[in-house]
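Quick notes on the structure that follows.
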Amino acid sequence: MHFEVHHIQHVLLLAAAVTSVQVPDPSFSLSNERTSIERTYELTKYLEHQLREIKDTYLSYLGPPFSDPDFSPPRPNSTALSLPSAATRLELWRGLENRARLAQNQRAYSVLLGAVRELARSTLCPYLQSSLLHFSTGLDGLLGSISGLMNTLGYALPSPLLSSSPLLAVRPALNDFSRKVEGFWVLRELQSWLWRSAKDFNRLKKRLRV
């Protein structure tokens, strides 16, 4: 008799455990969303700050006229530089659904990560190369954080972009002007994407405040 009572209690405890797994707690789900968004936002702001220092060092490494404060060369055409542009007007960008903006962020950073790694490989300055590789590790973490955020919000991840062409043109000599322009624009596009991403994640944070 004692065994039967103990067995019944064990079954009831298992049933309660299963029920607690099957019925999601809305407050727990909301807490997960907040945590995921906060983590992604903080990482974006950190990378934005880190990139400002790297960009100053990189432009000094390239030398004049790239190191001049007001120098801004035209963006290479798409056949020379296969990078995602952050030139969409702000009002159009904000008009997109969260799912679409997150998907575009995820795709953009996938491409930009490869471009930063190529910059690091072509850089002869050990300190700058180390900084770019460290930054690429953080960028890889941001990609994972965005993917995790999309999963948390119930969004499907975008399919990876397939490309047989290199992100940057074939690597010429270090003093090749067009190569320097490409490096300049890799960091310029990254700066624009990180700034806009931080705004996106901050809006998501505000949406979940109660």
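Convention: chains lettered A, B, ... in structure tokens order; per-chain residue numbering from 1; ligands numbered from 1 as shown.
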Who sits within 12 Å of stretch 29-42 of chain A, only C-alpha atoms, same chain under 3 positions skipped, as a ChimeraX atom specification | /A:23-26,45-49,102,105-106,138-154,194-210
Extract, using only C-alpha atoms, all DNA, RNA and protein residues at most 12 Å from A:Asp56, discarding same-chain residues fewer than 2 positions from it, and format them as a list in words.
->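 The filter keeps His49, Gln50, Leu51, Arg52, Glu53, Ile54, Tyr58, Leu59, Ser60, Tyr61, Leu62, Gly63, Phe66, Ser67, Asp68, Pro69, Leu128, Ser131, Phe184, Leu187 and Arg188 of chain A.
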Serialized selection, N, CA and C atoms, as a PDB file, in the first residue's frame:
ATOM      1  N   HIS A  49      31.850  51.540 -30.895  1.00  0.00           N
ATOM      2  CA  HIS A  49      32.933  52.275 -30.225  1.00  0.00           C
ATOM      3  C   HIS A  49      34.298  51.753 -30.658  1.00  0.00           C
ATOM      4  N   GLN A  50      34.433  50.435 -30.724  1.00  0.00           N
ATOM      5  CA  GLN A  50      35.696  49.815 -31.108  1.00  0.00           C
ATOM      6  C   GLN A  50      36.078  50.176 -32.544  1.00  0.00           C
ATOM      7  N   LEU A  51      35.073  50.224 -33.420  1.00  0.00           N
ATOM      8  CA  LEU A  51      35.340  50.518 -34.830  1.00  0.00           C
ATOM      9  C   LEU A  51      35.870  51.934 -35.017  1.00  0.00           C
ATOM     10  N   ARG A  52      35.403  52.886 -34.199  1.00  0.00           N
ATOM     11  CA  ARG A  52      35.894  54.267 -34.328  1.00  0.00           C
ATOM     12  C   ARG A  52      37.409  54.319 -34.138  1.00  0.00           C
ATOM     13  N   GLU A  53      37.912  53.580 -33.153  1.00  0.00           N
ATOM     14  CA  GLU A  53      39.350  53.563 -32.906  1.00  0.00           C
ATOM     15  C   GLU A  53      40.100  52.853 -34.035  1.00  0.00           C
ATOM     16  N   ILE A  54      39.536  51.732 -34.479  1.00  0.00           N
ATOM     17  CA  ILE A  54      40.187  50.974 -35.560  1.00  0.00           C
ATOM     18  C   ILE A  54      40.227  51.801 -36.844  1.00  0.00           C
ATOM     19  N   TYR A  58      43.433  52.739 -38.965  1.00  0.00           N
ATOM     20  CA  TYR A  58      43.541  52.229 -40.331  1.00  0.00           C
ATOM     21  C   TYR A  58      43.776  53.360 -41.331  1.00  0.00           C
ATOM     22  N   LEU A  59      43.089  54.478 -41.156  1.00  0.00           N
ATOM     23  CA  LEU A  59      43.269  55.602 -42.078  1.00  0.00           C
ATOM     24  C   LEU A  59      44.668  56.190 -41.944  1.00  0.00           C
ATOM     25  N   SER A  60      45.211  56.201 -40.730  1.00  0.00           N
ATOM     26  CA  SER A  60      46.599  56.643 -40.549  1.00  0.00           C
ATOM     27  C   SER A  60      47.553  55.684 -41.241  1.00  0.00           C
ATOM     28  N   TYR A  61      47.232  54.410 -41.185  1.00  0.00           N
ATOM     29  CA  TYR A  61      48.036  53.382 -41.835  1.00  0.00           C
ATOM     30  C   TYR A  61      48.022  53.564 -43.357  1.00  0.00           C
ATOM     31  N   LEU A  62      46.865  53.945 -43.917  1.00  0.00           N
ATOM     32  CA  LEU A  62      46.773  54.164 -45.364  1.00  0.00           C
ATOM     33  C   LEU A  62      47.534  55.421 -45.784  1.00  0.00           C
ATOM     34  N   GLY A  63      47.607  56.408 -44.889  1.00  0.00           N
ATOM     35  CA  GLY A  63      48.330  57.641 -45.185  1.00  0.00           C
ATOM     36  C   GLY A  63      47.496  58.621 -46.006  1.00  0.00           C
ATOM     37  N   PHE A  66      43.930  59.612 -47.410  1.00  0.00           N
ATOM     38  CA  PHE A  66      42.926  58.895 -46.616  1.00  0.00           C
ATOM     39  C   PHE A  66      42.922  59.344 -45.161  1.00  0.00           C
ATOM     40  N   SER A  67      44.074  59.747 -44.663  1.00  0.00           N
ATOM     41  CA  SER A  67      44.161  60.188 -43.279  1.00  0.00           C
ATOM     42  C   SER A  67      43.701  61.634 -43.085  1.00  0.00           C
ATOM     43  N   ASP A  68      43.420  62.347 -44.188  1.00  0.00           N
ATOM     44  CA  ASP A  68      42.900  63.712 -44.070  1.00  0.00           C
ATOM     45  C   ASP A  68      41.459  63.665 -43.560  1.00  0.00           C
ATOM     46  N   PRO A  69      41.088  64.517 -42.595  1.00  0.00           N
ATOM     47  CA  PRO A  69      39.759  64.452 -41.959  1.00  0.00           C
ATOM     48  C   PRO A  69      38.584  64.554 -42.921  1.00  0.00           C
ATOM     49  N   LEU A 128      47.551  46.680 -36.099  1.00  0.00           N
ATOM     50  CA  LEU A 128      46.289  46.883 -36.803  1.00  0.00           C
ATOM     51  C   LEU A 128      45.685  45.538 -37.213  1.00  0.00           C
ATOM     52  N   SER A 131      44.083  44.100 -34.187  1.00  0.00           N
ATOM     53  CA  SER A 131      42.844  44.828 -33.868  1.00  0.00           C
ATOM     54  C   SER A 131      41.700  44.409 -34.785  1.00  0.00           C
ATOM     55  N   PHE A 184      38.813  51.591 -47.208  1.00  0.00           N
ATOM     56  CA  PHE A 184      38.120  52.736 -46.631  1.00  0.00           C
ATOM     57  C   PHE A 184      36.618  52.481 -46.560  1.00  0.00           C
ATOM     58  N   LEU A 187      35.166  49.881 -43.936  1.00  0.00           N
ATOM     59  CA  LEU A 187      34.969  50.449 -42.605  1.00  0.00           C
ATOM     60  C   LEU A 187      33.837  51.484 -42.598  1.00  0.00           C
ATOM     61  N   ARG A 188      33.680  52.212 -43.699  1.00  0.00           N
ATOM     62  CA  ARG A 188      32.585  53.197 -43.780  1.00  0.00           C
ATOM     63  C   ARG A 188      31.234  52.498 -43.728  1.00  0.00           C
TER      64      ARG A 188
END
A:Ala108 environment, 8 Å, only C-alpha atoms, sequence neighbours closer than 3 positions dropped, as a VMD selection string | chain A and resid 83 to 84 104 to 105 111 to 112
Please produce a file of those selected residues containing all heavy atoms, as an mmCIF file, in the first residue's frame.
data_model
loop_
_atom_site.group_PDB
_atom_site.id
_atom_site.type_symbol
_atom_site.label_atom_id
_atom_site.label_comp_id
_atom_site.auth_asym_id
_atom_site.auth_seq_id
_atom_site.Cartn_x
_atom_site.Cartn_y
_atom_site.Cartn_z
ATOM 1 N N LEU A 83 29.827 44.723 -51.352
ATOM 2 C CA LEU A 83 29.426 44.960 -49.964
ATOM 3 C C LEU A 83 27.993 45.469 -49.908
ATOM 4 O O LEU A 83 27.553 46.217 -50.785
ATOM 5 C CB LEU A 83 30.340 45.999 -49.303
ATOM 6 C CG LEU A 83 31.768 45.581 -48.960
ATOM 7 C CD1 LEU A 83 32.526 46.773 -48.407
ATOM 8 C CD2 LEU A 83 31.763 44.454 -47.949
ATOM 9 N N PRO A 84 27.248 45.100 -48.869
ATOM 10 C CA PRO A 84 25.888 45.620 -48.709
ATOM 11 C C PRO A 84 25.927 47.096 -48.338
ATOM 12 O O PRO A 84 26.704 47.511 -47.479
ATOM 13 C CB PRO A 84 25.321 44.772 -47.559
ATOM 14 C CG PRO A 84 26.527 44.369 -46.774
ATOM 15 C CD PRO A 84 27.624 44.182 -47.784
ATOM 16 N N GLN A 104 18.012 41.587 -42.880
ATOM 17 C CA GLN A 104 18.990 42.359 -43.645
ATOM 18 C C GLN A 104 20.255 42.618 -42.834
ATOM 19 O O GLN A 104 21.370 42.607 -43.365
ATOM 20 C CB GLN A 104 18.370 43.681 -44.108
ATOM 21 C CG GLN A 104 17.338 43.506 -45.212
ATOM 22 C CD GLN A 104 17.039 44.794 -45.957
ATOM 23 O OE1 GLN A 104 17.931 45.608 -46.188
ATOM 24 N NE2 GLN A 104 15.783 44.977 -46.339
ATOM 25 N N ASN A 105 20.084 42.865 -41.523
ATOM 26 C CA ASN A 105 21.251 43.021 -40.648
ATOM 27 C C ASN A 105 22.093 41.755 -40.648
ATOM 28 O O ASN A 105 23.318 41.791 -40.746
ATOM 29 C CB ASN A 105 20.798 43.337 -39.214
ATOM 30 C CG ASN A 105 20.614 44.823 -38.972
ATOM 31 O OD1 ASN A 105 21.582 45.559 -38.830
ATOM 32 N ND2 ASN A 105 19.370 45.260 -38.922
ATOM 33 N N VAL A 111 28.447 39.257 -44.712
ATOM 34 C CA VAL A 111 29.343 39.702 -45.787
ATOM 35 C C VAL A 111 30.460 40.582 -45.230
ATOM 36 O O VAL A 111 31.641 40.421 -45.576
ATOM 37 C CB VAL A 111 28.546 40.464 -46.866
ATOM 38 C CG1 VAL A 111 29.477 40.995 -47.951
ATOM 39 C CG2 VAL A 111 27.482 39.567 -47.488
ATOM 40 N N LEU A 112 30.100 41.517 -44.351
ATOM 41 C CA LEU A 112 31.082 42.448 -43.800
ATOM 42 C C LEU A 112 32.130 41.726 -42.955
ATOM 43 O O LEU A 112 33.297 42.136 -42.921
ATOM 44 C CB LEU A 112 30.371 43.520 -42.974
ATOM 45 C CG LEU A 112 29.557 44.535 -43.792
ATOM 46 C CD1 LEU A 112 28.593 45.308 -42.898
ATOM 47 C CD2 LEU A 112 30.487 45.490 -44.532
#
To one decimal place, how far is atom CA of A:Ala86 from atom CA of A:Glu118 in Å?
->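 These two atoms are separated by 20.2 Å.
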May I ask for the distance between atom CA of A:Phe177 and atom CA of A:Pro73, given in Å to one decimal place?
->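 Interatomic distance here is 10.5 Å.
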Rank nothing, just name the residue among A:Asn98, A:Thr57, A:Thr123, A:Ser178 nearest to A:Arg75, using only C-alpha atoms.
->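 Under the stated criterion, the closest residue is A:Ser178.
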Run DSSP on the backbone of this structure and report the residues of stretch 27-184 of chain A it assigns to alpha helix (DSSP H), as number ranges by chain.
-> A: 27-62, 90-94, 98-122, 126-152, 177-184
Would you work out the distance separating atom CA of A:Arg94 from atom CA of A:Ser192, expressed in Å to one decimal?
->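 Atom CA of A:Ser192 lies 14.9 Å from atom CA of A:Arg94.
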Min atom-atom distance to A:Arg117 from the set A:Ser130, A:Asp70, A:Glu91, A:Ser82, counting only C-alpha atoms, belongs to A:Ser130
